[in-house]
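Asker: Encoded as structure tokens, here's the structure I'll be asking about.
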Amino acid sequence: MAEEYQEYVTFRITARDGSEVEMAVVDEFDYKNKHYIAACAVQDDTLDESGRYIYQAVITGDDFKAVKITNAIEYQKIAEAYMQMGQD
């Protein structure tokens with residue numbers, strides 16, 4: 001069976017080492033009246049499924065900005081809520 005091609009919305013972030021990383025939105029969800037996205041890194045036109053990263057999505061018109069969640073406790077709560085949604 002041939003692999004199904006899926007197109008993703010992408011955005012770029014700056015990694016800790018200063019390099020630019022392309023990310024693909026793989027999921028969206030709302031938590032406590034805010035919108036979030038789960039994303040995977042893109043490497044050579046494929047998704048690196050070894051990790052998902054959660055960002056707050058600030059939507060402006062037809063576009064959005066991915067905002068890093070800097071508070072570790074808040075990030076943990078949001079990640080737990082996201083994982084719970086996948087189990088429902």
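Ordering of the structure tokens sets the chain letters (A, B, ...); residue numbers start at 1 within each chain; ligands are numbered from 1 in the order shown.
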Could you list, as a list of chain:residue names, every residue within 12 Å of Asp44 (chain A), counting only C-alpha atoms and ignoring same-chain residues fewer than 4 positions away?
Answerer: A:Val21, A:Glu22, A:Met23, A:Asp48
Asker: Near region 6-17 of chain A, counting only C-alpha atoms, which residues have an atom at most 9 Å away, once you skip same-chain residues fewer than 5 positions from it, shown as a PyMOL selection string?
Answerer: chain A and resi 22-26+39+42+65-66
Asker: Please produce an output containing C-alpha atoms for each residue in the selection, written as a compact mmCIF listing (two decimals), in the first residue's frame.
Answerer:
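And here's selection06.txt as it stands now:
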# COMPACT_ATOMS: atom_id res chain seq x y z
CA GLU A 22 10.64 24.07 10.93
CA MET A 23 7.68 22.66 12.87
CA ALA A 24 4.45 21.09 11.58
CA VAL A 25 1.12 21.43 13.37
CA VAL A 26 -0.17 17.91 14.02
CA ALA A 39 3.78 20.22 16.71
CA VAL A 42 10.19 18.60 10.19
CA LYS A 65 1.76 32.90 15.93
CA ALA A 66 3.18 30.01 17.96
Asker: As a ChimeraX atom specification, please: every residue in chain A that a backbone DSSP assignment puts in alpha helix (DSSP H).
Answerer: /A:72-87
Asker: Restrict the selected residues to N, CA, C and O atoms and save them as a compact mmCIF listing (two decimals), in the first residue's frame.
Answerer:
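What landed in out-v4.txt:
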# COMPACT_ATOMS: atom_id res chain seq x y z
N ALA A 72 7.06 26.25 33.44
CA ALA A 72 7.13 24.79 33.44
C ALA A 72 5.89 24.14 34.06
O ALA A 72 5.41 23.11 33.56
N ILE A 73 5.36 24.72 35.10
CA ILE A 73 4.17 24.16 35.75
C ILE A 73 2.96 24.29 34.83
O ILE A 73 2.19 23.34 34.66
N GLU A 74 2.81 25.45 34.21
CA GLU A 74 1.71 25.66 33.27
C GLU A 74 1.84 24.70 32.09
O GLU A 74 0.86 24.09 31.66
N TYR A 75 3.07 24.54 31.56
CA TYR A 75 3.30 23.64 30.43
C TYR A 75 2.89 22.21 30.80
O TYR A 75 2.24 21.52 30.02
N GLN A 76 3.26 21.78 31.99
CA GLN A 76 2.94 20.43 32.44
C GLN A 76 1.43 20.21 32.50
O GLN A 76 0.92 19.18 32.07
N LYS A 77 0.70 21.19 33.02
CA LYS A 77 -0.76 21.10 33.11
C LYS A 77 -1.38 21.01 31.72
O LYS A 77 -2.30 20.22 31.48
N ILE A 78 -0.89 21.82 30.80
CA ILE A 78 -1.42 21.82 29.43
C ILE A 78 -1.09 20.50 28.74
O ILE A 78 -1.95 19.92 28.07
N ALA A 79 0.12 20.00 28.92
CA ALA A 79 0.52 18.73 28.32
C ALA A 79 -0.32 17.58 28.87
O ALA A 79 -0.75 16.70 28.11
N GLU A 80 -0.58 17.59 30.16
CA GLU A 80 -1.41 16.55 30.77
C GLU A 80 -2.84 16.60 30.22
O GLU A 80 -3.44 15.57 29.94
N ALA A 81 -3.37 17.81 30.05
CA ALA A 81 -4.72 17.97 29.49
C ALA A 81 -4.74 17.46 28.05
O ALA A 81 -5.69 16.77 27.65
N TYR A 82 -3.70 17.73 27.28
CA TYR A 82 -3.61 17.26 25.90
C TYR A 82 -3.56 15.73 25.85
O TYR A 82 -4.28 15.11 25.06
N MET A 83 -2.76 15.12 26.69
CA MET A 83 -2.66 13.67 26.72
C MET A 83 -3.98 13.04 27.13
O MET A 83 -4.38 12.00 26.60
N GLN A 84 -4.67 13.67 28.07
CA GLN A 84 -5.97 13.17 28.52
C GLN A 84 -6.99 13.22 27.40
O GLN A 84 -7.83 12.31 27.27
N MET A 85 -6.94 14.26 26.57
CA MET A 85 -7.88 14.38 25.45
C MET A 85 -7.71 13.22 24.48
O MET A 85 -8.69 12.76 23.90
N GLY A 86 -6.51 12.73 24.31
CA GLY A 86 -6.26 11.62 23.41
C GLY A 86 -6.79 10.31 23.95
O GLY A 86 -6.98 9.35 23.19
N GLN A 87 -7.06 10.24 25.24
CA GLN A 87 -7.55 9.00 25.86
C GLN A 87 -9.08 8.97 25.91
O GLN A 87 -9.66 7.93 26.17
Asker: Taking into account only C-alpha atoms, which residue in the set A:Ala41, A:Arg52, A:Lys68, A:Asp63 is nearest to Asp27 (chain A)?
Answerer: A:Arg52
Asker: Given only C-alpha atoms as the basis, pick out the residue of A:Ser19, A:Thr70, A:Ser50, A:Gln56 nearest to Ile37 (chain A).
Answerer: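 Comparing A:Ser19, A:Thr70, A:Ser50, A:Gln56 against Ile37 (chain A), the winner is A:Gln56.
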Asker: CA of Phe29 (chain A) and CA of Gln43 (chain A) are how many Å apart?
Answerer: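 Interatomic distance here is 24.2 Å.
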Asker: At what distance in Å, to one decimal, does CA of Tyr36 (chain A) lie from CA of Thr60 (chain A)?
Answerer: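 Answer for the CA of Thr60 (chain A) to CA of Tyr36 (chain A) separation: 13.9 Å.
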Asker: For CA of Asp45 (chain A) and CA of Glu28 (chain A), determine how far apart the two atoms are, in Å to one decimal place.
Answerer: 20.9 Å
